[in-house]
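For reference, final_5.txt is printed below; it contains compact mmCIF, C-alpha atoms.
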```
# COMPACT_ATOMS: atom_id res chain seq x y z
CA LEU A 75 0.00 0.00 0.00
CA ALA A 76 2.77 2.42 0.93
CA ALA A 77 4.46 1.70 -2.42
CA ALA A 78 1.20 2.34 -4.29
CA ILE A 79 0.70 5.68 -2.56
CA SER A 80 4.30 6.62 -3.20
CA GLY A 81 3.89 5.66 -6.90
CA ARG A 82 0.74 7.76 -7.18
CA ARG A 83 2.44 10.67 -5.47
CA GLN A 84 5.40 10.39 -7.80
CA ARG A 85 3.09 10.40 -10.81
CA ARG A 86 1.20 13.44 -9.56
CA LYS A 87 4.46 15.24 -8.88
CA SER A 88 5.73 14.61 -12.36
CA GLU A 89 2.38 15.71 -13.86
CA THR A 90 2.59 19.01 -12.00
CA LEU A 91 6.20 19.50 -13.06
CA ASN A 92 5.34 18.93 -16.70
CA ARG A 93 2.33 21.25 -16.48
CA ILE A 94 4.51 24.04 -15.10
CA LEU A 95 7.16 23.42 -17.77
CA ALA A 96 4.67 23.39 -20.63
CA ALA A 97 2.99 26.58 -19.44
CA ALA A 98 6.32 28.32 -18.99
CA VAL A 99 7.67 27.43 -22.44
CA GLN A 100 4.36 28.48 -24.01
CA LEU A 101 4.65 31.88 -22.30
CA PHE A 102 8.34 32.29 -23.20
CA ALA A 103 7.36 31.62 -26.82
CA GLU A 104 4.53 34.14 -26.80
CA ARG A 105 6.12 36.96 -24.79
CA GLY A 106 9.83 36.23 -24.57
CA TYR A 107 11.73 34.93 -21.55
CA ALA A 108 12.48 38.26 -19.86
CA GLU A 109 8.88 39.41 -20.29
CA THR A 110 7.45 36.38 -18.46
CA THR A 111 7.13 36.45 -14.67
CA VAL A 112 6.80 33.57 -12.21
CA GLU A 113 3.25 34.88 -11.54
CA ASP A 114 2.41 34.51 -15.24
CA ILE A 115 3.61 30.92 -15.13
CA THR A 116 1.76 29.89 -11.96
CA GLU A 117 -1.44 31.46 -13.31
CA ALA A 118 -1.16 29.72 -16.68
CA ALA A 119 -0.27 26.37 -15.05
CA ASP A 120 -3.01 26.86 -12.44
CA VAL A 121 -0.73 26.14 -9.48
CA GLY A 122 0.07 28.14 -6.36
CA LYS A 123 3.32 30.03 -6.05
CA GLY A 124 4.37 27.69 -3.24
CA THR A 125 3.93 24.71 -5.54
CA PHE A 126 6.01 26.41 -8.23
CA PHE A 127 8.86 27.07 -5.81
CA ASN A 128 8.73 23.43 -4.64
CA TYR A 129 9.88 22.48 -8.12
CA PHE A 130 11.88 25.50 -9.25
CA PRO A 131 13.77 27.88 -6.95
CA THR A 132 13.81 30.56 -9.69
CA LYS A 133 12.53 31.32 -13.18
CA ASP A 134 16.01 30.53 -14.52
CA ALA A 135 15.64 27.02 -13.05
CA VAL A 136 12.75 26.46 -15.47
CA LEU A 137 15.07 27.28 -18.36
CA LEU A 138 17.67 24.87 -16.99
CA ALA A 139 15.01 22.12 -16.95
CA VAL A 140 14.25 22.90 -20.60
CA PHE A 141 17.94 22.55 -21.47
CA GLU A 142 18.14 19.32 -19.46
CA ASN A 143 15.21 17.84 -21.42
CA LEU A 144 16.97 18.79 -24.66
CA ARG A 145 20.17 17.16 -23.42
CA ALA A 146 18.33 13.95 -22.55
CA GLU A 147 16.70 13.92 -26.01
CA PHE A 148 20.12 13.96 -27.65
CA ALA A 149 21.46 11.28 -25.33
CA HIS A 150 18.56 9.13 -26.55
CA TYR A 151 19.58 9.64 -30.21
CA GLU A 152 22.98 8.19 -29.46
CA ASP A 153 21.41 4.83 -28.62
CA LEU A 154 19.88 4.64 -32.10
CA ILE A 155 23.01 5.49 -34.09
CA PRO A 156 24.74 2.07 -34.18
CA LYS A 157 21.74 0.62 -36.06
CA THR A 158 21.44 3.50 -38.53
CA ARG A 159 21.94 2.60 -42.21
CA ASP A 160 21.04 5.96 -43.76
CA VAL A 161 22.97 8.76 -42.08
CA ARG A 162 21.52 11.56 -44.19
CA SER A 163 17.93 10.65 -43.25
CA PHE A 164 18.82 10.38 -39.58
CA LEU A 165 20.43 13.82 -39.70
CA ARG A 166 17.27 15.26 -41.21
CA LYS A 167 15.19 13.52 -38.55
CA ILE A 168 17.27 15.12 -35.78
CA VAL A 169 16.86 18.59 -37.29
CA TYR A 170 13.13 18.14 -37.78
CA ASP A 171 12.71 16.84 -34.22
CA ILE A 172 14.51 19.90 -32.87
CA LEU A 173 12.43 22.31 -34.91
CA ASN A 174 9.15 20.42 -34.67
CA ASN A 175 7.89 22.10 -31.57
CA PRO A 176 4.74 24.19 -31.65
CA THR A 177 6.29 26.64 -29.20
CA ARG A 178 9.40 27.30 -31.30
CA SER A 179 8.66 30.95 -31.98
CA GLN A 180 11.07 33.65 -33.07
CA LYS A 181 10.59 35.32 -29.67
CA LEU A 182 11.55 32.08 -27.92
CA VAL A 183 14.70 31.59 -30.01
CA ARG A 184 15.76 35.21 -29.63
CA SER A 185 15.16 35.47 -25.93
CA ILE A 186 16.70 32.10 -25.06
CA LEU A 187 19.76 32.46 -27.29
CA GLY A 188 20.17 36.03 -26.04
CA LYS A 189 19.91 34.93 -22.43
CA ALA A 190 22.38 32.06 -22.98
CA LEU A 191 24.85 34.48 -24.59
CA MET A 192 24.62 37.09 -21.86
CA ASP A 193 23.99 35.31 -18.57
CA PRO A 194 26.74 32.98 -17.25
CA ALA A 195 24.32 31.21 -14.88
CA VAL A 196 22.26 30.08 -17.85
CA SER A 197 25.03 29.63 -20.40
CA GLN A 198 26.61 26.74 -18.49
CA PRO A 199 23.67 24.30 -18.65
CA PHE A 200 22.98 25.59 -22.17
CA GLU A 201 26.50 24.54 -23.10
CA ALA A 202 25.96 21.11 -21.51
CA ALA A 203 22.97 20.54 -23.79
CA MET A 204 25.01 21.83 -26.73
CA HIS A 205 27.86 19.44 -26.02
CA GLN A 206 25.50 16.47 -25.79
CA ALA A 207 23.94 17.49 -29.12
CA ARG A 208 27.33 17.86 -30.75
CA HIS A 209 28.40 14.50 -29.41
CA ALA A 210 25.32 12.81 -30.91
CA VAL A 211 25.82 14.44 -34.32
CA THR A 212 29.52 13.57 -34.26
CA SER A 213 28.73 9.91 -33.51
CA LEU A 214 26.25 9.91 -36.37
CA LEU A 215 28.78 11.39 -38.82
CA GLN A 216 31.40 8.93 -37.60
CA ARG A 217 28.93 6.18 -38.39
CA GLY A 218 28.51 7.82 -41.81
CA GLN A 219 32.27 7.66 -42.33
CA ASP A 220 32.27 3.97 -41.37
CA LEU A 221 29.48 3.31 -43.87
CA GLY A 222 31.29 5.23 -46.62
CA GLN A 223 28.56 7.90 -46.75
CA VAL A 224 30.51 10.80 -45.23
CA ARG A 225 33.87 12.23 -46.36
CA LYS A 226 36.85 11.16 -44.27
CA ASP A 227 39.32 13.99 -44.92
CA ILE A 228 37.70 16.05 -42.13
CA PRO A 229 37.39 14.44 -38.66
CA ALA A 230 33.84 13.53 -37.60
CA ALA A 231 34.14 15.82 -34.57
CA VAL A 232 34.91 18.81 -36.80
CA LEU A 233 32.03 17.94 -39.14
CA GLY A 234 29.72 17.59 -36.13
CA ARG A 235 30.76 20.96 -34.80
CA THR A 236 30.29 22.52 -38.22
CA PHE A 237 26.83 21.02 -38.49
CA GLN A 238 25.98 22.56 -35.16
CA GLN A 239 27.27 25.93 -36.35
CA PHE A 240 24.91 25.67 -39.31
CA ILE A 241 21.83 24.69 -37.31
CA PHE A 242 22.45 27.45 -34.75
CA GLY A 243 23.04 30.09 -37.40
CA THR A 244 19.90 28.97 -39.21
CA GLN A 245 17.74 29.37 -36.12
CA MET A 246 19.35 32.66 -35.19
CA LEU A 247 18.91 34.32 -38.58
CA TRP A 248 15.41 32.92 -38.87
CA ALA A 249 14.61 34.54 -35.51
CA PHE A 250 15.44 37.90 -37.13
CA SER A 251 13.36 37.23 -40.26
CA SER A 252 9.77 38.27 -40.95
CA ASN A 253 8.13 35.01 -40.02
CA GLU A 254 9.54 32.88 -42.81
CA ASP A 255 9.35 29.08 -43.05
CA LEU A 256 12.00 27.61 -40.77
CA TYR A 257 11.64 24.16 -42.37
CA GLU A 258 12.41 25.55 -45.80
CA TRP A 259 15.55 27.17 -44.36
CA ALA A 260 16.49 23.89 -42.68
CA ASP A 261 16.04 21.95 -45.93
CA VAL A 262 18.47 24.20 -47.83
CA MET A 263 20.91 24.07 -44.93
CA LEU A 264 20.74 20.26 -44.91
CA ASP A 265 21.18 20.10 -48.69
CA ILE A 266 24.30 22.28 -48.66
CA PHE A 267 25.76 20.61 -45.60
CA TRP A 268 25.20 17.14 -46.96
CA ARG A 269 26.61 17.94 -50.39
CA GLY A 270 29.59 19.51 -48.64
CA ALA A 271 30.14 16.65 -46.21
CA ALA A 272 29.15 13.57 -48.21
CA HIS A 273 31.67 11.08 -49.46
CA ARG A 274 32.07 11.37 -53.21
CA GLY A 275 32.50 7.91 -54.61
CA LYS A 276 32.68 6.72 -58.20
CA GLU A 277 29.06 5.57 -58.17
CA GLN A 278 27.96 9.00 -57.07
CA LEU A 279 29.89 10.65 -59.89
CA VAL A 280 28.26 8.31 -62.40
CA GLU A 281 24.84 8.99 -60.97
CA GLU A 282 25.34 12.73 -61.24
CA LYS A 283 26.60 12.48 -64.81
CA GLN A 284 23.49 10.57 -65.76
CA SER A 285 21.08 12.97 -64.16
CA LEU B 44 41.20 80.97 -44.41
CA ALA B 45 37.71 80.17 -43.10
CA ALA B 46 37.64 77.06 -45.31
CA ALA B 47 41.06 75.95 -44.00
CA ILE B 48 39.92 76.34 -40.39
CA SER B 49 36.69 74.50 -41.15
CA GLY B 50 38.67 71.69 -42.84
CA ARG B 51 40.98 71.41 -39.86
CA ARG B 52 37.99 71.35 -37.51
CA GLN B 53 36.32 68.66 -39.52
CA ARG B 54 39.48 66.57 -39.43
CA ARG B 55 39.87 67.00 -35.70
CA LYS B 56 36.21 66.08 -35.17
CA SER B 57 36.55 62.89 -37.14
CA GLU B 58 39.78 62.00 -35.29
CA THR B 59 38.00 62.37 -31.95
CA LEU B 60 35.06 60.31 -33.18
CA ASN B 61 37.35 57.49 -34.30
CA ARG B 62 39.29 57.61 -31.03
CA ILE B 63 36.08 57.22 -29.03
CA LEU B 64 34.90 54.39 -31.28
CA ALA B 65 38.21 52.50 -31.10
CA ALA B 66 38.39 52.82 -27.31
CA ALA B 67 34.78 51.69 -26.94
CA VAL B 68 35.14 48.60 -29.14
CA GLN B 69 38.36 47.69 -27.34
CA LEU B 70 36.55 47.87 -23.99
CA PHE B 71 33.51 45.94 -25.27
CA ALA B 72 35.93 43.22 -26.42
CA GLU B 73 37.74 43.06 -23.09
CA ARG B 74 34.81 43.37 -20.68
CA GLY B 75 31.64 42.86 -22.69
CA TYR B 76 29.16 45.51 -23.79
CA ALA B 77 26.95 45.58 -20.68
CA GLU B 78 30.00 45.72 -18.40
CA THR B 79 31.40 48.86 -20.07
CA THR B 80 30.23 52.30 -18.89
CA VAL B 81 30.38 55.66 -20.69
CA GLU B 82 32.91 56.70 -18.03
CA ASP B 83 35.16 53.76 -18.97
CA ILE B 84 35.03 54.87 -22.60
CA THR B 85 35.76 58.58 -21.99
CA GLU B 86 38.66 57.65 -19.72
CA ALA B 87 40.17 55.22 -22.25
CA ALA B 88 39.69 57.66 -25.12
CA ASP B 89 40.97 60.53 -22.98
CA VAL B 90 38.02 62.83 -23.71
CA GLY B 91 35.59 64.64 -21.44
CA LYS B 92 32.08 63.35 -20.90
CA GLY B 93 30.72 66.45 -22.66
CA THR B 94 32.78 65.63 -25.73
CA PHE B 95 31.50 62.06 -25.72
CA PHE B 96 27.89 63.21 -25.59
CA ASN B 97 28.56 65.65 -28.45
CA TYR B 98 29.12 62.61 -30.63
CA PHE B 99 26.96 59.95 -29.04
CA PRO B 100 23.76 60.59 -27.06
CA THR B 101 24.02 57.15 -25.39
CA LYS B 102 26.28 54.11 -25.14
CA ASP B 103 23.91 52.29 -27.50
CA ALA B 104 24.64 55.00 -30.10
CA VAL B 105 28.27 53.81 -30.14
CA LEU B 106 27.08 50.33 -31.03
CA LEU B 107 24.92 51.75 -33.80
CA ALA B 108 27.99 53.50 -35.23
CA VAL B 109 29.84 50.18 -35.19
CA PHE B 110 26.99 48.55 -37.13
CA GLU B 111 26.90 51.48 -39.56
CA ASN B 112 30.63 51.05 -40.27
CA LEU B 113 30.05 47.37 -40.93
CA ARG B 114 27.17 48.20 -43.26
CA ALA B 115 29.35 50.66 -45.21
CA GLU B 116 32.10 48.04 -45.50
CA PHE B 117 29.69 45.64 -47.18
CA ALA B 118 28.35 48.35 -49.48
CA HIS B 119 31.95 48.83 -50.60
CA TYR B 120 32.31 45.10 -51.46
CA GLU B 121 29.39 45.38 -53.85
CA ASP B 122 31.35 47.80 -56.04
CA LEU B 123 34.09 45.19 -56.52
CA ILE B 124 31.86 42.26 -57.45
CA PRO B 125 31.27 42.97 -61.19
CA LYS B 126 35.02 42.63 -61.81
CA THR B 127 35.45 39.45 -59.76
CA ARG B 128 36.65 36.38 -61.70
CA ASP B 129 37.15 34.00 -58.76
CA VAL B 130 34.05 33.94 -56.58
CA ARG B 131 35.38 31.41 -54.09
CA SER B 132 38.45 33.54 -53.28
CA PHE B 133 36.35 36.67 -52.92
CA LEU B 134 34.04 34.86 -50.52
CA ARG B 135 37.02 33.83 -48.43
CA LYS B 136 38.32 37.41 -48.48
CA ILE B 137 35.01 38.72 -47.15
CA VAL B 138 34.99 36.20 -44.30
CA TYR B 139 38.60 36.94 -43.40
CA ASP B 140 37.98 40.70 -43.48
CA ILE B 141 35.04 40.28 -41.10
CA LEU B 142 37.03 38.14 -38.69
CA ASN B 143 40.34 39.94 -39.07
CA ASN B 144 39.83 42.40 -36.27
CA PRO B 145 42.08 42.38 -33.23
CA THR B 146 39.11 43.25 -31.04
CA ARG B 147 36.99 40.31 -32.18
CA SER B 148 36.91 38.54 -28.84
CA GLN B 149 34.47 35.93 -27.62
CA LYS B 150 33.16 38.46 -25.10
CA LEU B 151 32.51 40.95 -27.89
CA VAL B 152 30.65 38.44 -30.05
CA ARG B 153 28.61 37.14 -27.13
CA SER B 154 27.66 40.50 -25.72
CA ILE B 155 26.86 42.11 -29.07
CA LEU B 156 24.89 39.18 -30.48
CA GLY B 157 23.11 38.86 -27.15
CA LYS B 158 22.27 42.55 -27.10
CA ALA B 159 21.07 42.46 -30.73
CA LEU B 160 18.83 39.48 -29.94
CA MET B 161 17.30 41.00 -26.82
CA ASP B 162 17.09 44.77 -27.33
CA PRO B 163 14.78 46.04 -30.10
CA ALA B 164 16.52 49.46 -30.16
CA VAL B 165 19.77 47.78 -31.14
CA SER B 166 18.38 44.95 -33.25
CA GLN B 167 17.05 47.31 -35.92
CA PRO B 168 20.39 48.85 -37.00
CA PHE B 169 21.97 45.43 -36.52
CA GLU B 170 19.48 44.04 -39.02
CA ALA B 171 20.29 46.87 -41.45
CA ALA B 172 23.96 45.85 -41.41
CA MET B 173 22.92 42.21 -41.79
CA HIS B 174 20.77 42.98 -44.81
CA GLN B 175 23.56 44.89 -46.49
CA ALA B 176 25.94 41.99 -45.86
CA ARG B 177 23.46 39.47 -47.22
CA HIS B 178 22.90 41.62 -50.28
CA ALA B 179 26.64 41.75 -50.99
CA VAL B 180 27.06 37.97 -50.62
CA THR B 181 23.99 37.35 -52.77
CA SER B 182 25.40 39.59 -55.54
CA LEU B 183 28.67 37.70 -55.34
CA LEU B 184 26.97 34.30 -55.59
CA GLN B 185 24.83 35.60 -58.45
CA ARG B 186 28.07 36.57 -60.16
CA GLY B 187 29.30 33.04 -59.45
CA GLN B 188 26.21 31.62 -61.13
CA ASP B 189 26.84 33.84 -64.17
CA LEU B 190 30.43 32.62 -64.33
CA GLY B 191 29.35 28.97 -64.01
CA GLN B 192 31.10 28.59 -60.64
CA VAL B 193 28.01 28.34 -58.42
CA ARG B 194 25.08 25.93 -58.71
CA LYS B 195 21.94 27.38 -60.25
CA ASP B 196 19.23 25.10 -58.84
CA ILE B 197 19.05 27.24 -55.68
CA PRO B 198 18.44 31.01 -56.12
CA ALA B 199 21.44 33.23 -55.30
CA ALA B 200 19.41 35.01 -52.62
CA VAL B 201 18.77 31.71 -50.81
CA LEU B 202 22.44 30.72 -51.10
CA GLY B 203 23.43 34.16 -49.77
CA ARG B 204 21.11 33.81 -46.82
CA THR B 205 22.40 30.31 -46.13
CA PHE B 206 25.97 31.54 -46.21
CA GLN B 207 25.06 34.18 -43.66
CA GLN B 208 23.45 31.52 -41.46
CA PHE B 209 26.73 29.62 -41.56
CA ILE B 210 28.97 32.59 -40.74
CA PHE B 211 26.72 33.68 -37.87
CA GLY B 212 26.49 30.19 -36.44
CA THR B 213 30.25 29.85 -36.71
CA GLN B 214 30.89 33.02 -34.73
CA MET B 215 28.23 32.21 -32.18
CA LEU B 216 29.45 28.69 -31.43
CA TRP B 217 33.03 29.88 -31.40
CA ALA B 218 32.03 32.48 -28.79
CA PHE B 219 31.01 29.56 -26.54
CA SER B 220 34.22 27.60 -27.14
CA SER B 221 37.40 27.57 -25.05
CA ASN B 222 39.37 30.05 -27.09
CA GLU B 223 39.75 27.99 -30.23
CA ASP B 224 41.03 29.23 -33.59
CA LEU B 225 38.21 31.10 -35.31
CA TYR B 226 40.05 31.04 -38.66
CA GLU B 227 40.29 27.26 -38.60
CA TRP B 228 36.55 27.12 -37.97
CA ALA B 229 35.97 29.57 -40.81
CA ASP B 230 38.11 27.50 -43.21
CA VAL B 231 36.08 24.33 -42.61
CA MET B 232 32.85 26.30 -42.89
CA LEU B 233 34.02 27.77 -46.22
CA ASP B 234 35.10 24.35 -47.51
CA ILE B 235 31.75 22.74 -46.73
CA PHE B 236 29.74 25.69 -47.98
CA TRP B 237 31.69 25.89 -51.22
CA ARG B 238 31.52 22.19 -51.91
CA GLY B 239 27.79 22.35 -51.18
CA ALA B 240 27.15 25.43 -53.31
CA ALA B 241 29.61 25.04 -56.20
CA HIS B 242 28.52 24.18 -59.69
CA ARG B 243 29.52 20.63 -60.56
CA GLY B 244 30.56 20.58 -64.18
CA LYS B 245 32.04 17.78 -66.25
CA GLU B 246 35.57 19.13 -65.89
CA GLN B 247 35.21 19.12 -62.13
CA LEU B 248 34.10 15.51 -62.12
CA VAL B 249 37.09 14.54 -64.24
CA GLU B 250 39.43 16.48 -62.00
CA GLU B 251 38.10 14.73 -58.92
CA LYS B 252 38.37 11.32 -60.53
CA GLN B 253 42.01 11.98 -61.30
CA SER B 254 42.89 13.20 -57.86
```
So that I can check it, write out the structure of this file as structure tokens.
Amino acid sequence: LAAAISGRRQRRKSETLNRILAAAVQLFAERGYAETTVEDITEAADVGKGTFFNYFPTKDAVLLAVFENLRAEFAHYEDLIPKTRDVRSFLRKIVYDILNNPTRSQKLVRSILGKALMDPAVSQPFEAAMHQARHAVTSLLQRGQDLGQVRKDIPAAVLGRTFQQFIFGTQMLWAFSSNEDLYEWADVMLDIFWRGAAHRGKEQLVEEKQS
Amino acid sequence: LAAAISGRRQRRKSETLNRILAAAVQLFAERGYAETTVEDITEAADVGKGTFFNYFPTKDAVLLAVFENLRAEFAHYEDLIPKTRDVRSFLRKIVYDILNNPTRSQKLVRSILGKALMDPAVSQPFEAAMHQARHAVTSLLQRGQDLGQVRKDIPAAVLGRTFQQFIFGTQMLWAFSSNEDLYEWADVMLDIFWRGAAHRGKEQLVEEKQS
């Protein structure tokens, strides 16, 4: 019985946590991070301030939880890489998963990137998520080298870093644009990156001559 | 005589302006933008506060002047493009010119990008410089298409925007790194971009087969 109660409690706790997180990210996306107060979040999540502070000592702690979720997502990708046969498709899947978030607004990208650039307390966990993401992409490109799909004259770690440069720059410039289609931008970015990073074998040359 | 005095005055004015600008950028690079005060700048430039405010109503106005200089630099590139024969080299020259600044520190990049992302008063002139830069790169890539050096299945404007995504992402990620070599990062970025954006003709295929 005690275990059942404890399980139920745990479940309820995690539900509340997720409700607070979802409400917070939604507000960050609509108004920007700096423009959102803890009061706004507790109201939107329909919890008391005391409950909020049970989970998060500060508003910044919410952001850290967002970064931690992102980090965990990338750690999960790593498990799938050894079985991957088509590195290009997997790379596209990662990009689409990152972007495919209804709350990914220009305000959200601007305010969170801005905050990560300016505030050391936030930039550290942001960097942890970034490193995990880079590690996953590097493993994937290493796998691509092993499969003969990715060029080998540049180390996988450098290609992975470069890919991250491209995805960050894409989101940042898009955040300054007049509401353009982020997926279209991502597709061009992926096309150029892949053409630049792919292994060029004989077969590929023949294929291109034919087309 | 009046004209001579006026000429001398003009010269002295512009010298003072440049001294203030140089001192300010140097301080932004060392300490970050937010961490630099107007007092710091007047002291380093060895001018009175009154003189400073004759030129710049606020500290933000200094940043706007920096962006305006950058914008003018890119407008100048556009004049050189019609005579360009080697688009790849010109592209590399632009990147190196942007990066080749002794004050380009990680603190500078972080604090200025952060400020541009977060503060609407600064993001507008920042965007003006960005648009000029994108226009110059687009003209160059258009020239590359005319010369048969750049692929034509993606519009020059989209390639120009993508290039800008890559250069911004490169600087931003570098600003988070542990003092790595920005030029090395830029070289890989240029290699991947060019391979991804270059026209692939028959001769090129033959060349690659031979190598």
Quick one: of B:Leu64, B:Arg128, B:Glu111, B:Phe219, who's nearest to A:Pro194, counting all atoms listed in the file?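 Distance minimum relative to A:Pro194 lands on B:Phe219.
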Contact residues around B:Gln192 with all atoms listed in the file at 6 Å, ignoring same-chain residues under 4 positions, as a ChimeraX atom specification: /B:187-188,241-242
Considering all atoms listed in the file, state which residue in the set A:Ile155, A:Ile186, A:Asn174, A:Glu89 is at the smallest distance from A:Asp134.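 With all atoms listed in the file as the atom set, the closest residue is A:Ile186.
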Extract, using all atoms listed in the file, all DNA, RNA and protein residues at most 12 Å from B:Ala104, discarding same-chain residues fewer than 5 positions from it, and format them as a PyMOL selection string. chain B and resi 63-64+67+81+95-99+109-111+164-165+168-169
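Nearest residue to A:Thr125, choosing from A:Ser197, A:Gln238, A:Thr110, A:Thr90 and counting all atoms listed in the file: A:Thr90.
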Pull out every residue of chain A sitting within 7 Å of chain B, counting all atoms listed in the file, and send them as an mmCIF file with C-alpha atoms, in the frame of the given file.
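File produced: result_20.cif:
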```
data_model
loop_
_atom_site.group_PDB
_atom_site.id
_atom_site.type_symbol
_atom_site.label_atom_id
_atom_site.label_comp_id
_atom_site.auth_asym_id
_atom_site.auth_seq_id
_atom_site.Cartn_x
_atom_site.Cartn_y
_atom_site.Cartn_z
ATOM 1 C CA ARG A 184 15.760 35.210 -29.630
ATOM 2 C CA SER A 185 15.160 35.470 -25.930
ATOM 3 C CA GLY A 188 20.170 36.030 -26.040
ATOM 4 C CA LYS A 189 19.910 34.930 -22.430
ATOM 5 C CA LEU A 191 24.850 34.480 -24.590
ATOM 6 C CA MET A 192 24.620 37.090 -21.860
ATOM 7 C CA THR A 236 30.290 22.520 -38.220
ATOM 8 C CA GLN A 239 27.270 25.930 -36.350
ATOM 9 C CA PHE A 240 24.910 25.670 -39.310
ATOM 10 C CA PHE A 242 22.450 27.450 -34.750
ATOM 11 C CA GLY A 243 23.040 30.090 -37.400
ATOM 12 C CA THR A 244 19.900 28.970 -39.210
ATOM 13 C CA LEU A 247 18.910 34.320 -38.580
ATOM 14 C CA MET A 263 20.910 24.070 -44.930
ATOM 15 C CA ILE A 266 24.300 22.280 -48.660
ATOM 16 C CA PHE A 267 25.760 20.610 -45.600
ATOM 17 C CA ARG A 269 26.610 17.940 -50.390
ATOM 18 C CA GLY A 270 29.590 19.510 -48.640
ATOM 19 C CA ALA A 271 30.140 16.650 -46.210
ATOM 20 C CA LEU A 279 29.890 10.650 -59.890
#
```
Nearest-residue call for B:Gly203, choices B:Gln175, B:Thr80, B:Asn144, B:Gln69, using only C-alpha atoms: B:Gln175
Among listed residues B:Val105, B:Leu151, B:Ala179, B:Ala171, nearest B:Ala118 (using only C-alpha atoms): B:Ala179
In file coordinates, which residues lie within 12 Å of (23.7, 43.7, -52.0) using only C-alpha atoms, given as a PyMOL selection string? chain B and resi 114-125+171-186+199-200+203-204
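You can rank B:Gly91, B:Lys56, B:Asp83, B:Asp224 by their closest distance to B:Ser148 using all atoms listed in the file, and at the top of that list sits B:Asp224.
What separates atom CA of A:Asn253 from atom CA of B:Pro198 is a distance of 19.5 Å.
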Please, which residues are within 10 Å of (42.6, 32.6, -42.2) by the file's coordinates, counting all atoms listed in the file, and could they come as an MDAnalysis selection string? chainID B and resid 135:136 138:140 142:143 224:230
Atom CA of A:Leu138 sits from atom CA of B:Glu73 at a separation of 27.8 Å
Rounded to one decimal place, report the atom CA of A:Gly124-atom CA of A:Val99 distance in Å. 19.5 Å
Once 6 Å is added on each side, what centre and edge lengths in Å to one decimal does the axis-aligned box around all listed atoms of stretch 157-162 of chain A have, as AutoDock Vina command-line options?
```
--center_x 22.0 --center_y 6.1 --center_z -40.1 --size_x 13.9 --size_y 22.9 --size_z 20.1
```
Final N, CA, C and O atoms of stretch 208-217 of chain B as an mmCIF file, in the coordinates of the input:
```cif
data_model
loop_
_atom_site.group_PDB
_atom_site.id
_atom_site.type_symbol
_atom_site.label_atom_id
_atom_site.label_comp_id
_atom_site.auth_asym_id
_atom_site.auth_seq_id
_atom_site.Cartn_x
_atom_site.Cartn_y
_atom_site.Cartn_z
ATOM 1 N N GLN B 208 23.765 32.417 -42.578
ATOM 2 C CA GLN B 208 23.450 31.520 -41.460
ATOM 3 C C GLN B 208 24.725 30.840 -40.974
ATOM 4 O O GLN B 208 24.979 30.755 -39.767
ATOM 5 N N PHE B 209 25.531 30.382 -41.922
ATOM 6 C CA PHE B 209 26.730 29.620 -41.560
ATOM 7 C C PHE B 209 27.755 30.506 -40.853
ATOM 8 O O PHE B 209 28.357 30.095 -39.866
ATOM 9 N N ILE B 210 27.951 31.725 -41.358
ATOM 10 C CA ILE B 210 28.970 32.590 -40.740
ATOM 11 C C ILE B 210 28.516 33.058 -39.352
ATOM 12 O O ILE B 210 29.315 33.131 -38.411
ATOM 13 N N PHE B 211 27.212 33.287 -39.195
ATOM 14 C CA PHE B 211 26.720 33.680 -37.870
ATOM 15 C C PHE B 211 26.828 32.528 -36.881
ATOM 16 O O PHE B 211 27.266 32.713 -35.749
ATOM 17 N N GLY B 212 26.420 31.360 -37.315
ATOM 18 C CA GLY B 212 26.490 30.190 -36.440
ATOM 19 C C GLY B 212 27.919 29.889 -36.035
ATOM 20 O O GLY B 212 28.192 29.512 -34.900
ATOM 21 N N THR B 213 28.840 30.092 -36.987
ATOM 22 C CA THR B 213 30.250 29.850 -36.710
ATOM 23 C C THR B 213 30.752 30.778 -35.614
ATOM 24 O O THR B 213 31.386 30.354 -34.648
ATOM 25 N N GLN B 214 30.438 32.067 -35.740
ATOM 26 C CA GLN B 214 30.890 33.020 -34.730
ATOM 27 C C GLN B 214 30.230 32.759 -33.384
ATOM 28 O O GLN B 214 30.856 32.878 -32.334
ATOM 29 N N MET B 215 28.945 32.405 -33.436
ATOM 30 C CA MET B 215 28.230 32.210 -32.180
ATOM 31 C C MET B 215 28.768 31.000 -31.423
ATOM 32 O O MET B 215 29.044 31.080 -30.232
ATOM 33 N N LEU B 216 28.939 29.882 -32.114
ATOM 34 C CA LEU B 216 29.450 28.690 -31.430
ATOM 35 C C LEU B 216 30.888 28.903 -30.960
ATOM 36 O O LEU B 216 31.267 28.454 -29.880
ATOM 37 N N TRP B 217 31.648 29.591 -31.792
ATOM 38 C CA TRP B 217 33.030 29.880 -31.400
ATOM 39 C C TRP B 217 33.055 30.706 -30.115
ATOM 40 O O TRP B 217 33.908 30.502 -29.240
#
```
